[in-house]
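The block underneath contains the structure these notes are about, expressed in structure tokens.
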Amino acid sequence: MAENETLECITEHERILQEIESTDTACVGPTLRSIYDDQPNAHVRFMEKLDARIRNHDREIEKMCNFHHQGFVDAITELLKVRTDAEKLMGQVTDTNRRLQEAGREVTAQTGEVIRCRIQQRNMATTVEKLQLCIPVLEMYSKLKEQLESKRYYAALKTMEQLEKVFIPRVSHYRFCQIMAENLPRLREEIKEISMSDLKDFLESIRKHSDKVGETAMRQAQQHRTFNSAVAKQASASHYTTPLYSLNGQTHTHNSLMMDDDAEYEDDGDEEILTAQDLVDFSPVYRCLHIYAVLGDRETFENYYRKQRKKQARLVLQPQANMHETVEGYRRYFNQIVGFFVVEDHILHATQGLVTKAFTDELWNMALAKIIAVLRTHSSYCEDPDLVLELKNLIVIFADTLQGFGFLVNRLFDLLFEVRDQYNETLLKKWALVFREIFELDNYSPIPVETDDEYNLVVSRFPFHDAEIEKQDFPKKLPMSQSVPTIYMQVKEFIYASLKFSESLHRSSTEIDDMLRKSTNLLLTRTLSSCLQNLIKKPHIGLTELVQIIINTTHLEQACRYLEEFITNITNVSPETVHTTRLYGLSTFKDARHAAEGEIYTKLNQKIDEFIQLADYEWSMAESDGRASGYLMDLINFLRSTFQVFTHLPGKVAQTACMSACKHLSTSLMEMLLDTELKQISMGAIQQFNLDVIQCELFASSEPVPGFQGDTLQLAFIDLRQLLDLFMVWDWSTYLADYGQPTSKYLRVNPATALTLLEKMKDTSKKNNIFAQFRKNDRDKQKLIETVLKQLRSLVNGMSS
């Protein structure tokens, strides 16, 4: 075991030594520590082993030194020899260097100059190279400046884009390029501001030029419409020709109505028609649009443009306060609106998306509502039918113009129906003045004609035919007065004037016929009827005039069928058409005639009242004068002469007037007797009053107006006659005995009337002693009067109960 341990220890020591020899000295510590960690005293044996290893290495070193020593000695000897040669060589080299330095000093100086030249050449080449890079940048910047000065802003923006993306990046490290790059955004903003300023100038310019643009567009649309109308008229000329008519002293045909509307533009028909592009320079808006598109701010530009145009639309749609006074005011208003929308239509089609169809439709709908409201308001102020007609023509041209640009104008044509009503109203007002003037100038006497030419002239103006009058020799008189043919012609003039409005409304002949008939009906039933009614009510119109008015209305009523034929000839619509409106002239003239008849009755009664007011009875007279009162004879003579004028009236009218006058006269005389202010009546007054009533009865029996049967007219005085007979005969017993019997002699005498009159006579008897003979002869008769009064009061009380 001791041997084994010794071998293991020797082996371990050998390993440690090998490890020490092969390991870095910094790492030997752990190896040496392992020696001490082994068996006790192991380090002694290791030291011994280490010493043996050292001795072994020393021996090897000594052997190697002994082997190389002679070679080392020989090398040192050779080195000493070489040092001597090296010193010589060093001397030679130093001498050579000195001589070389002296010889190359001038060359060195020239070489430095060459180097400086080479550096300059290199710098120049570099400079040229850099300048070649910078010059295009400067040229582009100079080009940019020129473009800005010449206001070619879109090209300038393109140049800026090239500078930023292509040229400046190549030389971006130069300061001037940095300055350029910093200036480009500022220049863009300046371009935006300038282009926006140009846009504002453009907007202001088109606002000023809208009037001219609209006028041009409307003229062009009007000429197009005139051409189409001319073609249509040529096509229809072979079918029929409408009759001639006279309007305001000028002769026209039906076809000339539309030509009158177009006359204003026809004068300029040979002139060159300019378009919106010819009148307005749209380049600013195109330029501004492109600039904002390039700058990526197109939406801002579109919003600004649309906002400004909406504001301008509101300004354009605002009318002048006095626009309704002249047609020029309306024309300027329409021209501006048309100009506005023509420009918008051009912008819509010339640009892509600056304005859209929806935007223009929105603007138009807003404008249309405002236009209709404005026209509805201002047209209501128009009182001149010519102005309303011109307004209608302008609206038609206005609608046709905008319709040609694709705008919906149906509501404008609907508005024309309202304007038509306004036009008819102004026509009615105008013709009301015409009719009043005709009535004021009329002499209300039959038309005298001296020659056949005069007769034909009247007949040409008014459809009058009377075989008996035609057979009469000249001079002769026509029954109507001068106002009748004049009114008939004016009604025809009204129809033509109304027809002028119906032109160009794209309506059928049936609709035009219906409109003409309705407007003519309004003229007859409202305007002419009102004028006739006012005329009849005028104080200065006497009985003769009223008689002539009745005759006139009769002839006008008969002429209504000719007016219907006249309208039929104009419109070529058969009167047998199902929905054809009939003229209501018959009722108009009948109503006027009835009013005139009533006014005749009223004026006759007023005249009778005037005569009655002249009555001056002496109610206390003892006996009558033996003749009728003067006022009554004058009244009867007046009635005779008046009823002679009534011979031209229809029989019933004259008879009614005569009966009405007699009844009113009878009533007035009765009221005179029963007047409460009249307290006393004598028998002499009764007798005088009886003479006057007898004259009235004689007048009634003389048949002042033919056609009465028997004593019909005398019955108007029957109440007075029976009352006077009762008092004249003093037949109270018969009256009281037969009262209430159908066969009573005094059937028409009312007890209250008899009582009132008897009381008036009783009071007189007390003062004037009228009944003295009764009291002297027989006091019982006085009692009889008291008895009669008592019985009359009883009858009156019985009637009231």
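Chain labels A, B, ... are given in the sequence in which chains occur in the structure tokens; within each chain residues are numbered consecutively from 1, and ligands are likewise numbered from 1 in the order shown.
Near Leu789 of chain A, within 9 Å and counting only C-alpha atoms, sit Leu755, Leu758 and Glu759 of chain A, not including residues fewer than 6 positions from it in the same chain.
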Just-selected residues, N, CA and C atoms written as a PDB file, in the first residue's frame:
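And here's part-v1.pdb as it stands now:
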```pdb
ATOM      1  N   LEU A 755    -163.310 107.883 -39.864  1.00  0.00           N
ATOM      2  CA  LEU A 755    -163.349 108.467 -38.529  1.00  0.00           C
ATOM      3  C   LEU A 755    -162.436 109.676 -38.431  1.00  0.00           C
ATOM      4  N   LEU A 758    -163.878 112.571 -40.489  1.00  0.00           N
ATOM      5  CA  LEU A 758    -165.108 113.095 -39.876  1.00  0.00           C
ATOM      6  C   LEU A 758    -164.799 113.931 -38.641  1.00  0.00           C
ATOM      7  N   GLU A 759    -163.780 113.470 -37.873  1.00  0.00           N
ATOM      8  CA  GLU A 759    -163.408 114.235 -36.691  1.00  0.00           C
ATOM      9  C   GLU A 759    -162.856 115.599 -37.087  1.00  0.00           C
TER      10      GLU A 759
END
```
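Neighbours of Met218 of chain A closer than or equal to 7 Å, with only C-alpha atoms counted and sequence neighbours fewer than 6 positions away skipped, come out as Ile397, Phe398 and Thr401 of chain A.
Nearest-residue note for Arg207 of chain A: choosing from A:Gln336, A:Asn572, A:Thr126, A:Ser172, the minimum distance belongs to A:Gln336, counting only C-alpha atoms.
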Would you mind listing what lies within 9 Å of segment 639-647 of chain A as a list in words, with only C-alpha atoms counted and same-chain residues fewer than 4 positions away left out? Leu543, Thr544, Val547, Leu604, Ile608, Asp634, Leu635, Gly651, Val653, Ala654, Ala657, Cys658, Ala661, Phe699, Pro704, Val705 and Pro706 of chain A
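If you look at atom CA of Ile469 of chain A and atom CA of Gln482 of chain A, they are 16.6 Å away from each other.
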Shell around segment 515-522 of chain A at 10 Å using only C-alpha atoms, local window under 4 positions removed, as a VMD selection string: chain A and resid 420 to 421 424 to 425 427 to 428 491 to 492 494 to 499 501 to 502 509 to 511 526 to 529 563 to 564 567 to 568 570 to 571 580 to 585 588
Between segment 713-770 of chain A and segment 664-675 of chain A, at 7 Å or less, what are the per-residue closest atom pairs and their distances in Å? Count only C-alpha atoms, order by chain and rising residue number, and return it as CSV.
```
residue,atom,partner,partner_atom,distance
A:Ala716,CA,A:Ser666,CA,6.6
A:Phe717,CA,A:Ser666,CA,5.5
A:Leu720,CA,A:Met670,CA,6.6
A:Thr756,CA,A:Leu674,CA,6.9
A:Leu757,CA,A:Leu674,CA,6.7
```
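In this structure, atom CA of Ala358 of chain A sits 18.2 Å away from atom CA of Val338 of chain A.
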Considering only C-alpha atoms, tabulate each residue of segment 520-572 of chain A that lies at most 10 Å from segment 443-462 of chain A along with its nearest interatomic pair and the corresponding distance in Å to one decimal; arrange the rows by chain and ascending residue number and present them as JSON lines.
```
{"residue": "A:Ile541", "atom": "CA", "partner": "A:Tyr444", "partner_atom": "CA", "distance": 9.7}
{"residue": "A:Thr544", "atom": "CA", "partner": "A:Tyr444", "partner_atom": "CA", "distance": 7.8}
{"residue": "A:Glu545", "atom": "CA", "partner": "A:Tyr444", "partner_atom": "CA", "distance": 5.5}
{"residue": "A:Leu546", "atom": "CA", "partner": "A:Tyr444", "partner_atom": "CA", "distance": 8.5}
{"residue": "A:Val547", "atom": "CA", "partner": "A:Tyr444", "partner_atom": "CA", "distance": 8.8}
{"residue": "A:Gln548", "atom": "CA", "partner": "A:Tyr444", "partner_atom": "CA", "distance": 5.8}
{"residue": "A:Ile549", "atom": "CA", "partner": "A:Tyr444", "partner_atom": "CA", "distance": 7.4}
{"residue": "A:Ile551", "atom": "CA", "partner": "A:Pro446", "partner_atom": "CA", "distance": 9.5}
{"residue": "A:Asn552", "atom": "CA", "partner": "A:Tyr444", "partner_atom": "CA", "distance": 9.0}
{"residue": "A:His555", "atom": "CA", "partner": "A:Phe462", "partner_atom": "CA", "distance": 9.6}
{"residue": "A:Leu556", "atom": "CA", "partner": "A:Phe462", "partner_atom": "CA", "distance": 9.2}
{"residue": "A:Ala559", "atom": "CA", "partner": "A:Phe462", "partner_atom": "CA", "distance": 8.0}
{"residue": "A:Tyr562", "atom": "CA", "partner": "A:Phe462", "partner_atom": "CA", "distance": 9.4}
```
Mind checking which residues fall within 8 Å of Ile395 of chain A, counting only C-alpha atoms, ignoring those fewer than 3 positions away in the same chain, and posting them as JSON, numbers by chain? {"A": [391, 392, 398, 399, 412, 416]}
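Of the residues listed (A:Phe301, A:Tyr381, A:Phe340, A:Phe689), A:Phe301 shows the shortest atom-to-atom separation from Gly353 of chain A; distances use only C-alpha atoms.
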May I have the residues within 9 Å of segment 626-629 of chain A as a list of chain:residue names, using only C-alpha atoms and disregarding those fewer than 6 positions away in the same chain? A:Ala615, A:Asp616, A:Tyr617, A:Gln687, A:Gln688, A:Phe689, A:Asn690, A:Leu691, A:Asp692, A:Val693, A:Ile694, A:Gln695
Please write the residues from the selection above to a file, keeping N, CA and C atoms, as a PDB file, in the first residue's frame.
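So the final result, stored in part.pdb, reads:
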```pdb
ATOM      1  N   ALA A 615    -149.188 122.153 -53.616  1.00  0.00           N
ATOM      2  CA  ALA A 615    -150.611 122.275 -53.277  1.00  0.00           C
ATOM      3  C   ALA A 615    -150.803 123.273 -52.131  1.00  0.00           C
ATOM      4  N   ASP A 616    -151.792 124.102 -52.292  1.00  0.00           N
ATOM      5  CA  ASP A 616    -152.043 125.139 -51.272  1.00  0.00           C
ATOM      6  C   ASP A 616    -153.556 125.243 -51.051  1.00  0.00           C
ATOM      7  N   TYR A 617    -154.108 124.222 -50.432  1.00  0.00           N
ATOM      8  CA  TYR A 617    -155.546 124.193 -50.181  1.00  0.00           C
ATOM      9  C   TYR A 617    -155.910 125.121 -49.009  1.00  0.00           C
ATOM     10  N   GLN A 687    -165.198 119.615 -51.221  1.00  0.00           N
ATOM     11  CA  GLN A 687    -165.709 119.795 -52.580  1.00  0.00           C
ATOM     12  C   GLN A 687    -164.589 120.174 -53.542  1.00  0.00           C
ATOM     13  N   GLN A 688    -163.689 121.070 -53.102  1.00  0.00           N
ATOM     14  CA  GLN A 688    -162.543 121.453 -53.950  1.00  0.00           C
ATOM     15  C   GLN A 688    -161.644 120.249 -54.208  1.00  0.00           C
ATOM     16  N   PHE A 689    -161.431 119.496 -53.161  1.00  0.00           N
ATOM     17  CA  PHE A 689    -160.595 118.295 -53.285  1.00  0.00           C
ATOM     18  C   PHE A 689    -161.233 117.304 -54.239  1.00  0.00           C
ATOM     19  N   ASN A 690    -162.564 117.240 -54.218  1.00  0.00           N
ATOM     20  CA  ASN A 690    -163.290 116.344 -55.103  1.00  0.00           C
ATOM     21  C   ASN A 690    -163.104 116.742 -56.556  1.00  0.00           C
ATOM     22  N   LEU A 691    -163.055 118.046 -56.842  1.00  0.00           N
ATOM     23  CA  LEU A 691    -162.814 118.506 -58.211  1.00  0.00           C
ATOM     24  C   LEU A 691    -161.446 118.031 -58.712  1.00  0.00           C
ATOM     25  N   ASP A 692    -160.454 118.087 -57.832  1.00  0.00           N
ATOM     26  CA  ASP A 692    -159.106 117.627 -58.221  1.00  0.00           C
ATOM     27  C   ASP A 692    -159.105 116.132 -58.493  1.00  0.00           C
ATOM     28  N   VAL A 693    -159.797 115.368 -57.665  1.00  0.00           N
ATOM     29  CA  VAL A 693    -159.836 113.917 -57.876  1.00  0.00           C
ATOM     30  C   VAL A 693    -160.563 113.605 -59.176  1.00  0.00           C
ATOM     31  N   ILE A 694    -161.609 114.392 -59.485  1.00  0.00           N
ATOM     32  CA  ILE A 694    -162.315 114.179 -60.753  1.00  0.00           C
ATOM     33  C   ILE A 694    -161.361 114.355 -61.930  1.00  0.00           C
ATOM     34  N   GLN A 695    -160.453 115.342 -61.869  1.00  0.00           N
ATOM     35  CA  GLN A 695    -159.471 115.549 -62.944  1.00  0.00           C
ATOM     36  C   GLN A 695    -158.527 114.351 -63.038  1.00  0.00           C
TER      37      GLN A 695
END
```
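The interatomic distance for the pair atom CA of Gln680 of chain A and atom CA of Trp619 of chain A works out to 6.9 Å.
Proximity ranking of A:Leu317, A:Ala432, A:Ile179, A:Leu387 relative to Met366 of chain A places A:Leu317 first, based on only C-alpha atoms.
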Selected residue of minimal separation from Gly214 of chain A among A:Asn335, A:Ser701, A:Gln308, A:Thr127, counting only C-alpha atoms: A:Asn335
Enumerate the residues of segment 467-694 of chain A with a DSSP assignment of alpha helix (DSSP H), computed from the backbone, and present them as a PyMOL selection string. chain A and resi 467-471+483-502+509-522+529-537+543-558+560-571+585-613+630-645+651-673+683-694
